[in-house]
Structure formats: structure tokens, C-alpha cells
$ cat final24.tsv   # TSV, C-alpha atoms and all ligand atoms
chain	number	residue	atom	x	y	z
A	1	MET	CA	53.64	89.33	-116.10
A	2	ASN	CA	53.81	89.22	-119.91
A	3	ASN	CA	57.39	90.31	-119.70
A	4	GLN	CA	58.16	87.31	-117.52
A	5	LEU	CA	56.45	85.00	-120.02
A	6	ASP	CA	58.50	86.42	-122.88
A	7	ASN	CA	61.70	86.00	-120.90
A	8	LEU	CA	60.93	82.40	-120.10
A	9	ARG	CA	60.09	81.73	-123.73
A	10	ASP	CA	63.40	83.29	-124.78
A	11	GLU	CA	65.22	81.12	-122.28
A	12	LEU	CA	63.41	78.07	-123.59
A	13	ASP	CA	64.40	78.95	-127.16
A	14	ASP	CA	68.01	79.21	-126.02
A	15	VAL	CA	67.84	75.84	-124.32
A	16	ASN	CA	66.33	74.28	-127.45
A	17	ILE	CA	69.21	75.58	-129.53
A	18	LYS	CA	71.74	74.36	-126.97
A	19	LEU	CA	70.10	70.93	-127.01
A	20	LEU	CA	70.20	70.94	-130.78
A	21	GLU	CA	73.88	71.81	-130.78
A	22	LEU	CA	74.62	69.14	-128.20
A	23	ILE	CA	72.67	66.48	-130.08
A	24	ASN	CA	74.55	67.33	-133.26
A	25	GLU	CA	77.85	67.37	-131.42
A	26	ARG	CA	77.00	63.94	-130.07
A	27	GLY	CA	76.13	62.82	-133.60
A	28	ARG	CA	79.52	63.96	-134.91
A	29	LEU	CA	81.32	62.08	-132.13
A	30	VAL	CA	79.31	58.92	-132.76
A	31	LYS	CA	80.05	59.11	-136.49
A	32	GLU	CA	83.76	59.47	-135.77
A	33	LEU	CA	83.58	56.50	-133.41
A	34	GLY	CA	81.71	54.55	-136.09
A	35	ASP	CA	84.48	55.14	-138.61
A	36	ILE	CA	87.09	53.83	-136.16
A	37	LYS	CA	84.92	50.78	-135.34
A	38	LYS	CA	84.38	50.13	-139.05
A	39	ALA	CA	88.11	50.31	-139.76
A	40	GLN	CA	88.70	47.78	-136.98
A	41	GLY	CA	85.91	45.52	-138.23
A	42	MET	CA	83.86	46.09	-135.06
A	43	LYS	CA	80.06	46.11	-134.96
A	44	ALA	CA	78.33	49.50	-134.84
A	45	TYR	CA	75.94	48.45	-132.08
A	46	ASP	CA	77.27	47.54	-128.66
A	47	PRO	CA	74.40	46.87	-126.23
A	48	GLU	CA	76.71	46.70	-123.18
A	49	ARG	CA	78.14	50.10	-123.92
A	50	GLU	CA	74.59	51.45	-124.37
A	51	ARG	CA	73.56	49.99	-120.99
A	52	ASP	CA	76.59	51.62	-119.31
A	53	MET	CA	75.77	54.99	-120.83
A	54	LEU	CA	72.15	54.75	-119.70
A	55	ASN	CA	73.20	53.76	-116.15
A	56	HIS	CA	75.58	56.67	-115.98
A	57	ILE	CA	72.87	59.10	-117.08
A	58	ILE	CA	70.32	57.71	-114.64
A	59	ASP	CA	72.90	58.02	-111.79
A	60	GLN	CA	73.24	61.72	-112.52
A	61	HIS	CA	69.54	62.32	-112.96
A	62	GLU	CA	67.82	64.61	-110.44
A	63	GLY	CA	64.38	65.27	-111.95
A	64	PRO	CA	61.84	66.69	-112.53
A	65	PHE	CA	61.36	64.01	-115.20
A	66	GLU	CA	60.65	60.38	-114.38
A	67	TYR	CA	63.55	57.96	-114.87
A	68	ALA	CA	61.59	56.13	-117.53
A	69	THR	CA	61.04	59.35	-119.47
A	70	ILE	CA	64.73	60.21	-119.39
A	71	GLU	CA	65.63	56.69	-120.45
A	72	HIS	CA	63.17	56.89	-123.33
A	73	ILE	CA	64.51	60.24	-124.56
A	74	PHE	CA	68.10	59.06	-124.44
A	75	LYS	CA	67.29	55.82	-126.19
A	76	GLN	CA	65.84	57.87	-129.05
A	77	ILE	CA	69.01	59.95	-129.18
A	78	PHE	CA	71.15	56.79	-129.20
A	79	LYS	CA	69.01	55.28	-131.95
A	80	ALA	CA	69.29	58.37	-134.16
A	81	ALA	CA	73.06	58.39	-133.75
A	82	LYS	CA	73.27	54.68	-134.52
A	83	GLU	CA	71.34	55.25	-137.74
A	84	LEU	CA	73.82	57.95	-138.60
A	85	GLN	CA	76.64	55.43	-138.18
A	86	GLU	CA	74.94	52.76	-140.23
A	87	GLU	CA	73.73	54.90	-143.09
A	88	ASP	CA	77.10	55.07	-144.80
A	89	TYR	CA	77.62	51.38	-145.20
A	90	HIS	CA	74.31	49.61	-144.55
A	91	LYS	CA	71.29	51.70	-145.37
A	92	THR	CA	71.65	52.14	-149.09
A	93	LEU	CA	70.59	48.84	-150.59
A	94	LEU	CA	72.42	47.53	-153.62
A	95	VAL	CA	69.04	47.03	-155.29
A	96	SER	CA	68.11	50.69	-154.82
A	97	ARG	CA	68.08	53.32	-157.54
A	98	GLU	CA	70.05	55.49	-155.21
A	99	LYS	CA	72.92	53.02	-155.49
A	100	LYS	CA	72.53	52.43	-159.24
A	101	PRO	CA	70.48	55.03	-161.13
A	102	ASN	CA	70.28	53.26	-164.51
A	103	ASP	CA	67.93	50.32	-165.21
A	104	THR	CA	69.27	46.79	-164.91
A	105	ILE	CA	68.55	44.69	-167.96
A	106	VAL	CA	68.38	40.99	-167.10
A	107	SER	CA	69.53	38.80	-169.97
A	108	ILE	CA	68.30	35.24	-170.17
A	109	GLY	CA	70.51	34.20	-173.04
A	110	ASP	CA	69.42	36.47	-175.87
A	111	VAL	CA	66.13	37.39	-174.17
A	112	HIS	CA	66.32	40.73	-172.39
A	113	VAL	CA	64.00	41.90	-169.63
A	114	GLY	CA	64.01	45.52	-168.55
A	115	ASN	CA	64.63	47.26	-171.85
A	116	SER	CA	61.68	48.68	-173.74
A	117	GLU	CA	60.49	45.32	-175.08
A	118	THR	CA	57.72	43.49	-173.21
A	119	GLN	CA	58.51	39.88	-172.30
A	120	PHE	CA	56.07	37.14	-171.40
A	121	VAL	CA	56.63	34.09	-169.19
A	122	MET	CA	54.00	31.54	-170.18
A	123	GLY	CA	53.40	27.88	-169.53
A	124	PRO	CA	51.59	25.45	-167.28
A	125	CYS	CA	51.32	25.78	-163.52
A	126	SER	CA	52.95	22.33	-163.18
A	127	VAL	CA	54.94	20.15	-165.52
A	128	GLU	CA	52.73	17.06	-165.75
A	129	SER	CA	54.14	15.20	-168.78
A	130	TYR	CA	56.35	15.75	-171.82
A	131	GLU	CA	53.31	15.87	-174.13
A	132	GLN	CA	51.49	18.43	-171.96
A	133	VAL	CA	54.46	20.83	-171.86
A	134	ASP	CA	55.22	20.20	-175.53
A	135	GLN	CA	51.71	21.22	-176.61
A	136	VAL	CA	51.90	24.45	-174.65
A	137	ALA	CA	55.45	25.16	-175.84
A	138	GLN	CA	54.44	24.80	-179.48
A	139	SER	CA	51.80	27.48	-179.03
A	140	VAL	CA	54.09	29.67	-176.90
A	141	LYS	CA	56.68	29.55	-179.68
A	142	ASN	CA	54.09	30.31	-182.37
A	143	GLN	CA	53.01	33.39	-180.48
A	144	GLY	CA	56.56	34.74	-180.39
A	145	VAL	CA	56.87	34.31	-176.63
A	146	ASN	CA	60.43	33.55	-175.51
A	147	LEU	CA	60.11	32.29	-171.95
A	148	LEU	CA	58.47	28.98	-171.02
A	149	ARG	CA	57.48	28.23	-167.43
A	150	GLY	CA	56.40	25.05	-165.65
A	151	GLY	CA	56.56	24.06	-161.99
A	152	ALA	CA	58.44	20.92	-160.95
A	153	PHE	CA	58.67	21.58	-157.21
A	154	LYS	CA	55.20	22.74	-156.28
A	155	PRO	CA	54.62	24.49	-152.96
A	156	ARG	CA	51.05	23.33	-152.41
A	157	THR	CA	48.76	24.38	-149.59
A	158	SER	CA	47.73	20.79	-148.93
A	159	PRO	CA	50.32	18.02	-148.52
A	160	TYR	CA	47.88	15.68	-150.28
A	161	ASP	CA	47.85	17.73	-153.49
A	162	PHE	CA	50.16	17.08	-156.44
A	163	GLN	CA	53.66	18.10	-155.36
A	164	GLY	CA	55.28	18.23	-158.80
A	165	LEU	CA	57.56	15.83	-160.68
A	166	GLY	CA	60.75	17.19	-159.11
A	167	GLU	CA	63.95	16.72	-161.12
A	168	GLU	CA	62.08	14.73	-163.76
A	169	GLY	CA	59.89	17.80	-164.32
A	170	LEU	CA	62.92	20.05	-164.75
A	171	LYS	CA	64.33	17.62	-167.28
A	172	ILE	CA	61.08	17.60	-169.28
A	173	LEU	CA	60.98	21.39	-169.26
A	174	ARG	CA	64.60	21.58	-170.44
A	175	ASP	CA	64.06	19.06	-173.24
A	176	VAL	CA	60.90	20.79	-174.46
A	177	GLY	CA	62.57	24.19	-174.22
A	178	ASP	CA	65.50	22.98	-176.30
A	179	LYS	CA	63.19	21.41	-178.88
A	180	HIS	CA	61.39	24.73	-179.45
A	181	GLY	CA	64.26	27.14	-178.80
A	182	LEU	CA	62.62	28.56	-175.68
A	183	LYS	CA	64.27	29.70	-172.44
A	184	VAL	CA	62.90	27.82	-169.44
A	185	VAL	CA	61.90	29.01	-165.98
A	186	SER	CA	60.91	26.93	-162.95
A	187	GLU	CA	60.65	27.29	-159.21
A	188	ILE	CA	63.27	25.94	-156.81
A	189	THR	CA	62.13	25.57	-153.22
A	190	HIS	CA	65.12	24.09	-151.42
A	191	PRO	CA	68.57	25.69	-151.05
A	192	GLN	CA	70.28	22.44	-152.03
A	193	ASP	CA	68.28	22.29	-155.26
A	194	ILE	CA	69.62	25.60	-156.56
A	195	ALA	CA	72.36	23.49	-158.18
A	196	LEU	CA	69.64	21.52	-160.03
A	197	GLY	CA	68.17	24.82	-161.20
A	198	GLU	CA	71.57	25.91	-162.41
A	199	HIS	CA	71.88	22.66	-164.36
A	200	TYR	CA	68.46	22.55	-166.04
A	201	LEU	CA	67.11	26.11	-166.16
A	202	ASP	CA	67.72	29.44	-167.85
A	203	MET	CA	66.05	31.30	-165.00
A	204	ILE	CA	65.26	30.16	-161.45
A	205	GLN	CA	62.00	31.23	-159.84
A	206	ILE	CA	61.74	31.83	-156.12
A	207	GLY	CA	58.08	31.67	-155.21
A	208	ALA	CA	55.92	33.79	-152.95
A	209	ARG	CA	56.02	31.27	-150.12
A	210	ASN	CA	59.79	31.30	-150.14
A	211	MET	CA	60.42	35.02	-150.51
A	212	GLN	CA	61.91	35.09	-147.04
A	213	ASN	CA	63.59	31.70	-147.14
A	214	PHE	CA	66.91	33.38	-146.47
A	215	ASP	CA	69.03	30.26	-147.00
A	216	LEU	CA	67.42	29.80	-150.40
A	217	LEU	CA	67.99	33.46	-151.28
A	218	LYS	CA	71.65	33.22	-150.28
A	219	GLU	CA	72.18	30.13	-152.45
A	220	ALA	CA	70.43	31.86	-155.34
A	221	GLY	CA	72.85	34.72	-154.87
A	222	LYS	CA	75.84	32.48	-155.44
A	223	VAL	CA	74.96	31.25	-158.93
A	224	ASP	CA	75.17	32.93	-162.27
A	225	VAL	CA	71.59	32.19	-163.34
A	226	PRO	CA	68.97	34.98	-163.49
A	227	ILE	CA	66.39	34.85	-160.72
A	228	ILE	CA	62.73	35.80	-160.84
A	229	LEU	CA	61.75	36.61	-157.27
A	230	LYS	CA	58.07	36.69	-156.44
A	231	ARG	CA	56.61	38.94	-153.77
A	232	GLY	CA	55.55	37.12	-150.62
A	233	MET	CA	51.80	37.05	-150.15
A	234	ALA	CA	52.03	39.15	-147.00
A	235	ALA	CA	55.24	41.02	-147.77
A	236	THR	CA	55.62	44.77	-147.80
A	237	ILE	CA	57.58	46.34	-150.62
A	238	ASN	CA	60.42	46.99	-148.20
A	239	GLU	CA	60.53	43.30	-147.25
A	240	PHE	CA	60.42	42.39	-150.94
A	241	LEU	CA	63.39	44.66	-151.67
A	242	ASN	CA	65.35	43.26	-148.76
A	243	ALA	CA	64.71	39.73	-150.03
A	244	ALA	CA	66.19	40.77	-153.38
A	245	GLU	CA	69.07	42.37	-151.48
A	246	TYR	CA	69.88	38.96	-149.96
A	247	ILE	CA	70.46	37.64	-153.48
A	248	VAL	CA	72.40	40.64	-154.79
A	249	SER	CA	74.56	40.82	-151.67
A	250	GLN	CA	75.88	37.34	-152.49
A	251	GLY	CA	76.90	38.43	-155.98
A	252	ASN	CA	73.98	37.65	-158.30
A	253	ALA	CA	72.54	40.94	-159.55
A	254	ASN	CA	70.37	39.42	-162.28
A	255	ILE	CA	66.99	39.61	-160.62
A	256	ILE	CA	63.50	40.25	-161.91
A	257	LEU	CA	60.94	41.25	-159.29
A	258	CYS	CA	57.48	39.78	-159.77
A	259	GLU	CA	54.34	41.23	-158.20
A	260	ARG	CA	51.87	38.34	-157.79
A	261	GLY	CA	49.19	39.77	-155.55
A	262	ILE	CA	49.06	40.08	-151.81
A	263	ARG	CA	46.58	38.75	-149.31
A	264	THR	CA	43.90	41.19	-148.21
A	265	TYR	CA	40.37	40.88	-146.84
A	266	GLU	CA	39.01	40.92	-150.41
A	267	THR	CA	37.70	37.57	-151.59
A	268	ALA	CA	36.54	38.46	-155.11
A	269	THR	CA	40.00	37.65	-156.40
A	270	ARG	CA	42.44	35.00	-155.19
A	271	ASN	CA	44.86	37.71	-154.05
A	272	THR	CA	44.77	41.47	-154.45
A	273	LEU	CA	46.97	42.61	-157.32
A	274	ASP	CA	48.94	45.54	-155.92
A	275	ILE	CA	49.19	47.30	-159.25
A	276	THR	CA	50.90	50.40	-157.89
A	277	ALA	CA	53.69	48.19	-156.54
A	278	VAL	CA	54.96	48.22	-160.14
A	279	PRO	CA	55.78	51.95	-160.38
A	280	VAL	CA	56.85	52.03	-156.73
A	281	LEU	CA	59.34	49.22	-157.39
A	282	LYS	CA	60.48	50.83	-160.64
A	283	ARG	CA	61.13	54.03	-158.73
A	284	GLU	CA	62.83	52.44	-155.73
A	285	THR	CA	64.97	49.93	-157.61
A	286	HIS	CA	66.82	49.53	-160.88
A	287	LEU	CA	65.54	45.94	-161.30
A	288	PRO	CA	63.00	44.88	-163.94
A	289	VAL	CA	59.46	44.24	-162.71
A	290	MET	CA	56.96	41.70	-163.98
A	291	VAL	CA	53.39	40.93	-162.98
A	292	ASP	CA	51.94	37.44	-162.57
A	293	VAL	CA	48.30	37.87	-163.54
A	294	THR	CA	47.35	34.24	-162.86
A	295	HIS	CA	48.18	33.94	-159.17
A	296	SER	CA	47.23	37.52	-158.36
A	297	THR	CA	43.72	37.44	-159.78
A	298	GLY	CA	43.02	33.70	-159.73
A	299	ARG	CA	40.37	34.46	-162.36
A	300	ARG	CA	40.53	33.70	-166.05
A	301	ASP	CA	38.21	36.59	-166.91
A	302	LEU	CA	40.60	39.08	-165.32
A	303	LEU	CA	43.84	37.93	-166.92
A	304	LEU	CA	43.67	40.21	-169.94
A	305	PRO	CA	42.59	43.42	-168.16
A	306	ALA	CA	45.12	42.80	-165.39
A	307	ALA	CA	47.86	42.28	-167.98
A	308	LYS	CA	46.87	45.48	-169.78
A	309	ALA	CA	46.89	47.39	-166.52
A	310	SER	CA	50.33	45.98	-165.71
A	311	LEU	CA	51.79	47.10	-169.02
A	312	ALA	CA	50.07	50.49	-168.79
A	313	ILE	CA	51.59	51.13	-165.39
A	314	GLY	CA	55.11	50.20	-166.49
A	315	ALA	CA	55.68	46.47	-166.01
A	316	ASP	CA	58.49	44.97	-168.09
A	317	GLY	CA	56.61	41.75	-168.60
A	318	VAL	CA	53.72	39.51	-167.71
A	319	MET	CA	53.52	35.96	-166.41
A	320	ALA	CA	50.47	33.74	-166.86
A	321	GLU	CA	49.62	30.04	-166.86
A	322	VAL	CA	48.55	28.01	-169.88
A	323	HIS	CA	47.42	24.38	-169.96
A	324	PRO	CA	46.18	22.23	-172.88
A	325	ASP	CA	43.14	21.22	-170.81
A	326	PRO	CA	42.85	23.35	-167.67
A	327	ALA	CA	39.83	21.41	-166.37
A	328	VAL	CA	42.02	18.38	-165.71
A	329	ALA	CA	45.19	20.23	-164.65
A	330	LEU	CA	46.87	18.81	-161.55
A	331	SER	CA	47.17	22.30	-160.03
A	332	ASP	CA	45.47	25.68	-160.49
A	333	SER	CA	42.81	24.29	-162.81
A	334	GLN	CA	40.52	27.26	-162.04
A	335	GLN	CA	42.67	29.90	-163.62
A	336	GLN	CA	44.94	28.53	-166.32
A	337	MET	CA	44.15	29.52	-169.88
A	338	ASP	CA	43.54	26.91	-172.54
A	339	ILE	CA	45.58	27.27	-175.71
A	340	PRO	CA	43.07	29.23	-177.85
A	341	THR	CA	42.43	31.65	-174.95
A	342	PHE	CA	46.19	32.08	-174.50
A	343	GLU	CA	46.65	32.79	-178.19
A	344	SER	CA	44.00	35.48	-178.20
A	345	PHE	CA	45.43	36.86	-174.90
A	346	ILE	CA	48.89	37.33	-176.46
A	347	GLN	CA	47.54	38.66	-179.73
A	348	GLN	CA	45.53	41.29	-177.91
A	349	LEU	CA	48.47	42.30	-175.73
A	350	LYS	CA	50.71	42.58	-178.77
A	351	GLN	CA	48.38	44.92	-180.62
A	352	PRO	CA	49.89	48.38	-181.03
A	353	ASN	CA	46.82	50.02	-179.50
A	354	VAL	CA	46.76	47.54	-176.59
A	355	LEU	CA	46.10	50.17	-173.97
A	356	ALA	CA	43.05	51.67	-175.68
A	357	HIS	CA	39.68	50.87	-174.10
A	358	ASP	CA	37.50	48.19	-175.74
B	401	LIG	C1	53.97	29.70	-159.46
B	401	LIG	O1	54.27	30.67	-160.18
B	401	LIG	O2	54.01	28.53	-159.87
B	401	LIG	C2	53.57	29.93	-158.06
B	401	LIG	C3	53.41	28.94	-157.21
B	401	LIG	O3	53.38	31.22	-157.78
B	401	LIG	P1	53.46	32.00	-156.36
B	401	LIG	O4	54.75	31.59	-155.72
B	401	LIG	O5	53.42	33.43	-156.77
B	401	LIG	O6	52.24	31.58	-155.58
B	402	MN	MN	49.92	28.00	-160.43

$ encode --input "final24.tsv" --output "C-alpha cells"
Amino acid sequence: MNNQLDNLRDELDDVNIKLLELINERGRLVKELGDIKKAQGMKAYDPERERDMLNHIIDQHEGPFEYATIEHIFKQIFKAAKELQEEDYHKTLLVSREKKPNDTIVSIGDVHVGNSETQFVMGPCSVESYEQVDQVAQSVKNQGVNLLRGGAFKPRTSPYDFQGLGEEGLKILRDVGDKHGLKVVSEITHPQDIALGEHYLDMIQIGARNMQNFDLLKEAGKVDVPIILKRGMAATINEFLNAAEYIVSQGNANIILCERGIRTYETATRNTLDITAVPVLKRETHLPVMVDVTHSTGRRDLLLPAAKASLAIGADGVMAEVHPDPAVALSDSQQQMDIPTFESFIQQLKQPNVLAHD
């Protein structure tokens, strides 16, 4: 009896090995086919051919398995082989470390992001007037911050809320930036407006709500202006990386990734700052990573600790919002810093022992 069991087990082991050899043989054939298809510019996946193969198999099938089971097993085998075909020329993203092991340093004029120096992107949520941006810029300059932000096209939750000054806002930001020798950053929301961004800005921001606006990403990929791409509020890291890939694949490799919090069930903060996204992104990609502490926390009292945590965990920079009088700001009045708070925020972050506990 036991002898019979052992024999059957031996037979089963043999069959497993035969199956393994056959699956690998199939894989080699599919890879060879893939190379020919690639050379002829044909697509790797051909659903009609897959249907024919499945029909042929089902015709030959005699049991004991159900048809559906056989179909399922073969579909898995087809899928694995297809992945084998695609891996050579699709799977390795241009943004991945695998593709480019050394860090990308994004240069916004003479301001570099991604080397060992920490950079800050500071300024109001929205450009409201020349005087408002000018006041903030004066303080930003005094604090040795190089990058000035201000929204001109505002993606607001309510259509009745302030939508931004549009091109006029970009112009104000540019003029104020030039006056103080600051590089300027603002969000572009429409593919056709990328050209406006190219004209007025030193860096174009693509916001969380537009992280998967693929037409916008493609346009951003065609210009020679650095892009700061924010993580979508419900985007996985893989989706985030693929969004960046859309830009790089069109030719623009100057991208900074910005973690800005994701939506979870937690209501104590506006979003949940996914702090470990920073080292994950740094590991997976060669792109610089920043953290927006304003939109992630939505709380003024958490801006400094969140910024410290971001730097401690390896972020290349921090973004936050500053307004001369946050109480009357036309957007995000809850969480922007006033100028004295901003000054103490930067001074504390610039202290050599910044990461020590209070
Ligand atoms: C912003 O930075 O102005 C903004 C709207 O941020 P987010 O896209 O991250 O919400
Ligand atoms: Mn804002």
C-alpha cells in the first residue's frame, strides 16, 4: 500500500518537472516570438490569437478537470509568458532606479533640488494681488529661501470658491519673483496652458487632482521646464510613479515628486501624510522628493513637526503656504502661516540640530 503511494508520488514529481520544463519551453518560444513581433513593430498582445489558442486547447480537452479550470490555468500561463515578453521593453520605468541608479538633480536655474542641500518652496496658496505676493516674497528672500509659490489656476472643491487670477496671477508671480531674484512655481491645470507655464514660470506644478490628467502630463513632458508633480489624493505609489513616467516618456526628465498626503478614514488631519512614501520613492526612483506639509496636515500646529519628520526621513525639500494675513486669505485660510510664523518655521528648520527633540 505504502509502496503504491510512494510510486504515485514519484510519478507526480516527474509530471511536475515535465510541466515545469514545458512551461519554460513555452516561455522561450514566446520570448522569441516577442522579439520578432517587436522587430516588426507589432503589439505583444494579440487577443484573437489568444482566443484561438484557448479554443484549440478546449477542443482537445478530455477531463477530469472542468473546462473553466483548464481555461483559467492556461490564461495564467499565457499571462506569465506575456509578462516575459513585455519586461524587456516596457516594465522597467524610466523613472526607476533600476533604469538610472544615480540621483537626478533637478535644476531650476541655479537652484538645485536633489543634492544634499534642502530646498523650500514657500508662498501663498493663491496669488491674490501684487502687494500680497510681494510681502511674502520679501520675507521668503530674507529667509534665504529660493523658490516662491503661488496658485493662479486654483482647483477648488466648490465652483463658487475663488478660482484664481489665471494668467494675471502668473504675471504677478513672475514680476514679484524677478523683483526679489526668486524662482517661481505655480500650478497649471489645463494641457493648453502648459505654454503659459513655460512663458511665466521657472517650475510648473501639477496638482494632486490632476496627477492622472494624462493629456496634461503628456504636454508637461514636451517642455523644457522642471515639473513638480504632486501625488494624487487617492493614488498609490505605483500610480504616482506611472504619472511621472508619462512626463519622462515625452522627454522631460526634470521632475520633483511631492508627497502631499493621501485620503484615509482619519479626520484629525486634512489628509494623512504618508511619511514613509519618501524613502520608498527615494528607493524606487532617482527623482528628488519633496513634502508639502500644508496640504497634507491642513493644520498650522503640525507644519513644523511634519517638516522635521520629512527632512529626517530623507526628503529633499519642503513646501508650505505663507500669507500676510491668513485669516482673510481667499483659499486655505485655516492652514497658511503668517509671516512671523513662517520666519520662525524656517529658522528652526535651518538650525544645525534641527532633528533633535525639543
Ligand atoms: C497647491 O499646492 O496649491 C495645491 C492645490 O495642492 P494639492 O494639489 O496638493 O492639493
Ligand atoms: Mn492651498

$ axis_aligned_box --input "final24.tsv" --around "ligand LIG 401 (chain B)" --padding-each-side "6 Å" --output "lines of an AutoDock Vina configuration file"
center_x = 53.5
center_y = 31.0
center_z = -157.9
size_x = 14.5
size_y = 16.9
size_z = 16.6

$ residues_near_ligand --input "final24.tsv" --ligand "ligand LIG 401 (chain B)" --cutoff "6 Å" --atoms "all atoms listed in the file" --output "ChimeraX atom specification"
/A:125,151,207-209,230,260,295

$ residues_near_point --input "final24.tsv" --point "(42.8, 44.0, -156.7)" --cutoff "12 Å" --atoms "only C-alpha atoms" --output "compact mmCIF listing (two decimals) with C-alpha atoms, keeping the file's coordinate frame"
# COMPACT_ATOMS: atom_id res chain seq x y z
CA GLU A 259 54.34 41.23 -158.20
CA ARG A 260 51.87 38.34 -157.79
CA GLY A 261 49.19 39.77 -155.55
CA ILE A 262 49.06 40.08 -151.81
CA ARG A 263 46.58 38.75 -149.31
CA THR A 264 43.90 41.19 -148.21
CA TYR A 265 40.37 40.88 -146.84
CA GLU A 266 39.01 40.92 -150.41
CA THR A 267 37.70 37.57 -151.59
CA ALA A 268 36.54 38.46 -155.11
CA THR A 269 40.00 37.65 -156.40
CA ARG A 270 42.44 35.00 -155.19
CA ASN A 271 44.86 37.71 -154.05
CA THR A 272 44.77 41.47 -154.45
CA LEU A 273 46.97 42.61 -157.32
CA ASP A 274 48.94 45.54 -155.92
CA ILE A 275 49.19 47.30 -159.25
CA THR A 276 50.90 50.40 -157.89
CA ALA A 277 53.69 48.19 -156.54
CA VAL A 293 48.30 37.87 -163.54
CA HIS A 295 48.18 33.94 -159.17
CA SER A 296 47.23 37.52 -158.36
CA THR A 297 43.72 37.44 -159.78
CA GLY A 298 43.02 33.70 -159.73
CA ARG A 299 40.37 34.46 -162.36
CA LEU A 302 40.60 39.08 -165.32
CA LEU A 303 43.84 37.93 -166.92
CA PRO A 305 42.59 43.42 -168.16
CA ALA A 306 45.12 42.80 -165.39
CA ALA A 309 46.89 47.39 -166.52
CA SER A 310 50.33 45.98 -165.71

$ residues_near_ligand --input "final24.tsv" --ligand "ligand MN 402 (chain B)" --cutoff "8 Å" --atoms "all atoms listed in the file" --output "mmCIF file with C-alpha atoms, in the frame of the given file"
data_model
loop_
_atom_site.group_PDB
_atom_site.id
_atom_site.type_symbol
_atom_site.label_atom_id
_atom_site.label_comp_id
_atom_site.auth_asym_id
_atom_site.auth_seq_id
_atom_site.Cartn_x
_atom_site.Cartn_y
_atom_site.Cartn_z
ATOM 1 C CA PRO A 124 51.590 25.450 -167.280
ATOM 2 C CA CYS A 125 51.320 25.780 -163.520
ATOM 3 C CA SER A 126 52.950 22.330 -163.180
ATOM 4 C CA GLY A 151 56.560 24.060 -161.990
ATOM 5 C CA THR A 294 47.350 34.240 -162.860
ATOM 6 C CA HIS A 295 48.180 33.940 -159.170
ATOM 7 C CA GLU A 321 49.620 30.040 -166.860
ATOM 8 C CA SER A 331 47.170 22.300 -160.030
ATOM 9 C CA ASP A 332 45.470 25.680 -160.490
ATOM 10 C CA GLN A 336 44.940 28.530 -166.320
#

$ closest_residue --input "final24.tsv" --among "A:Leu196, A:Val133, A:Ala243, A:Leu12" --to "A:Leu93" --atoms "all atoms listed in the file"
A:Ala243

$ closest_atom_pairs --input "final24.tsv" --of "stretch 60-172 of chain A" --to "stretch 218-224 of chain A" --cutoff "12 Å" --atoms "all atoms listed in the file" --output "tab-separated table"
residue	atom	partner	partner_atom	distance
A:Val106	CA	A:Asp224	CA	11.6
A:Ser107	CA	A:Asp224	CA	11.2
A:Ile108	CA	A:Asp224	CA	10.7
A:Gly109	CA	A:Asp224	CA	11.8

$ closest_residue --input "final24.tsv" --among "A:Asp6, A:Asp103, A:Asp35, A:Glu187" --to "A:Pro155" --atoms "only C-alpha atoms"
A:Glu187

$ atom_distance --input "final24.tsv" --atom1 "atom CA of A:Gln119" --atom2 "atom CA of A:Gly317"
4.6 Å

$ residues_around --input "final24.tsv" --residues "A:Ala44" --least-positions-apart "2" --cutoff "10 Å" --atoms "all atoms listed in the file" --output "MDAnalysis selection string"
chainID A and resid 30:31 33:38 41:42 46:47 82:83 85:86

$ write_last_selection --input "final24.tsv" --atoms "C-alpha atoms" --output "PDB file, in the frame of the given file"
ATOM      1  CA  VAL A  30      79.310  58.920-132.760  1.00  0.00           C
ATOM      2  CA  LYS A  31      80.050  59.110-136.490  1.00  0.00           C
ATOM      3  CA  LEU A  33      83.580  56.500-133.410  1.00  0.00           C
ATOM      4  CA  GLY A  34      81.710  54.550-136.090  1.00  0.00           C
ATOM      5  CA  ASP A  35      84.480  55.140-138.610  1.00  0.00           C
ATOM      6  CA  ILE A  36      87.090  53.830-136.160  1.00  0.00           C
ATOM      7  CA  LYS A  37      84.920  50.780-135.340  1.00  0.00           C
ATOM      8  CA  LYS A  38      84.380  50.130-139.050  1.00  0.00           C
ATOM      9  CA  GLY A  41      85.910  45.520-138.230  1.00  0.00           C
ATOM     10  CA  MET A  42      83.860  46.090-135.060  1.00  0.00           C
ATOM     11  CA  ASP A  46      77.270  47.540-128.660  1.00  0.00           C
ATOM     12  CA  PRO A  47      74.400  46.870-126.230  1.00  0.00           C
ATOM     13  CA  LYS A  82      73.270  54.680-134.520  1.00  0.00           C
ATOM     14  CA  GLU A  83      71.340  55.250-137.740  1.00  0.00           C
ATOM     15  CA  GLN A  85      76.640  55.430-138.180  1.00  0.00           C
ATOM     16  CA  GLU A  86      74.940  52.760-140.230  1.00  0.00           C
TER      17      GLU A  86
END

$ closest_residue --input "final24.tsv" --among "A:Leu304, A:Leu148, A:Ile227, A:Ala315" --to "A:Val280" --atoms "all atoms listed in the file"
A:Ala315

$ residues_around --input "final24.tsv" --residues "stretch 172-179 of chain A" --least-positions-apart "2" --cutoff "8 Å" --atoms "all atoms listed in the file" --output "list in words"
Val127, Ser129, Tyr130, Val133, Asp134, Ala137, Leu148, Arg149, Gly150, Glu168, Gly169, Leu170, Gly181, Leu182, Lys183, Val184, Tyr200 and Leu201 of chain A

$ atom_distance --input "final24.tsv" --atom1 "atom CA of A:Leu147" --atom2 "atom CA of A:Thr118"
11.5 Å

$ atom_distance --input "final24.tsv" --atom1 "atom CA of A:Lys154" --atom2 "atom CA of A:Gln347"
29.4 Å

$ residues_around --input "final24.tsv" --residues "A:Gly27" --least-positions-apart "5" --cutoff "9 Å" --atoms "only C-alpha atoms" --output "compact mmCIF listing (two decimals) with C-alpha atoms, keeping the file's coordinate frame"
# COMPACT_ATOMS: atom_id res chain seq x y z
CA LEU A 22 74.62 69.14 -128.20
CA GLU A 32 83.76 59.47 -135.77
CA ILE A 77 69.01 59.95 -129.18
CA PHE A 78 71.15 56.79 -129.20
CA ALA A 80 69.29 58.37 -134.16
CA ALA A 81 73.06 58.39 -133.75
CA LYS A 82 73.27 54.68 -134.52
CA LEU A 84 73.82 57.95 -138.60
CA GLN A 85 76.64 55.43 -138.18

$ closest_residue --input "final24.tsv" --among "A:Ser139, A:Ile346, A:Glu198, A:Thr104" --to "A:Ser116" --atoms "only C-alpha atoms"
A:Thr104

$ closest_residue --input "final24.tsv" --among "A:His199, A:Arg300, A:Lys79, A:Lys91" --to "A:Lys171" --atoms "only C-alpha atoms"
A:His199

$ residues_near_point --input "final24.tsv" --point "(63.0, 57.6, -157.2)" --cutoff "12 Å" --atoms "only C-alpha atoms" --output "JSON, numbers by chain"
{"A": [96, 97, 98, 99, 100, 101, 102, 103, 279, 280, 281, 282, 283, 284, 285, 286]}
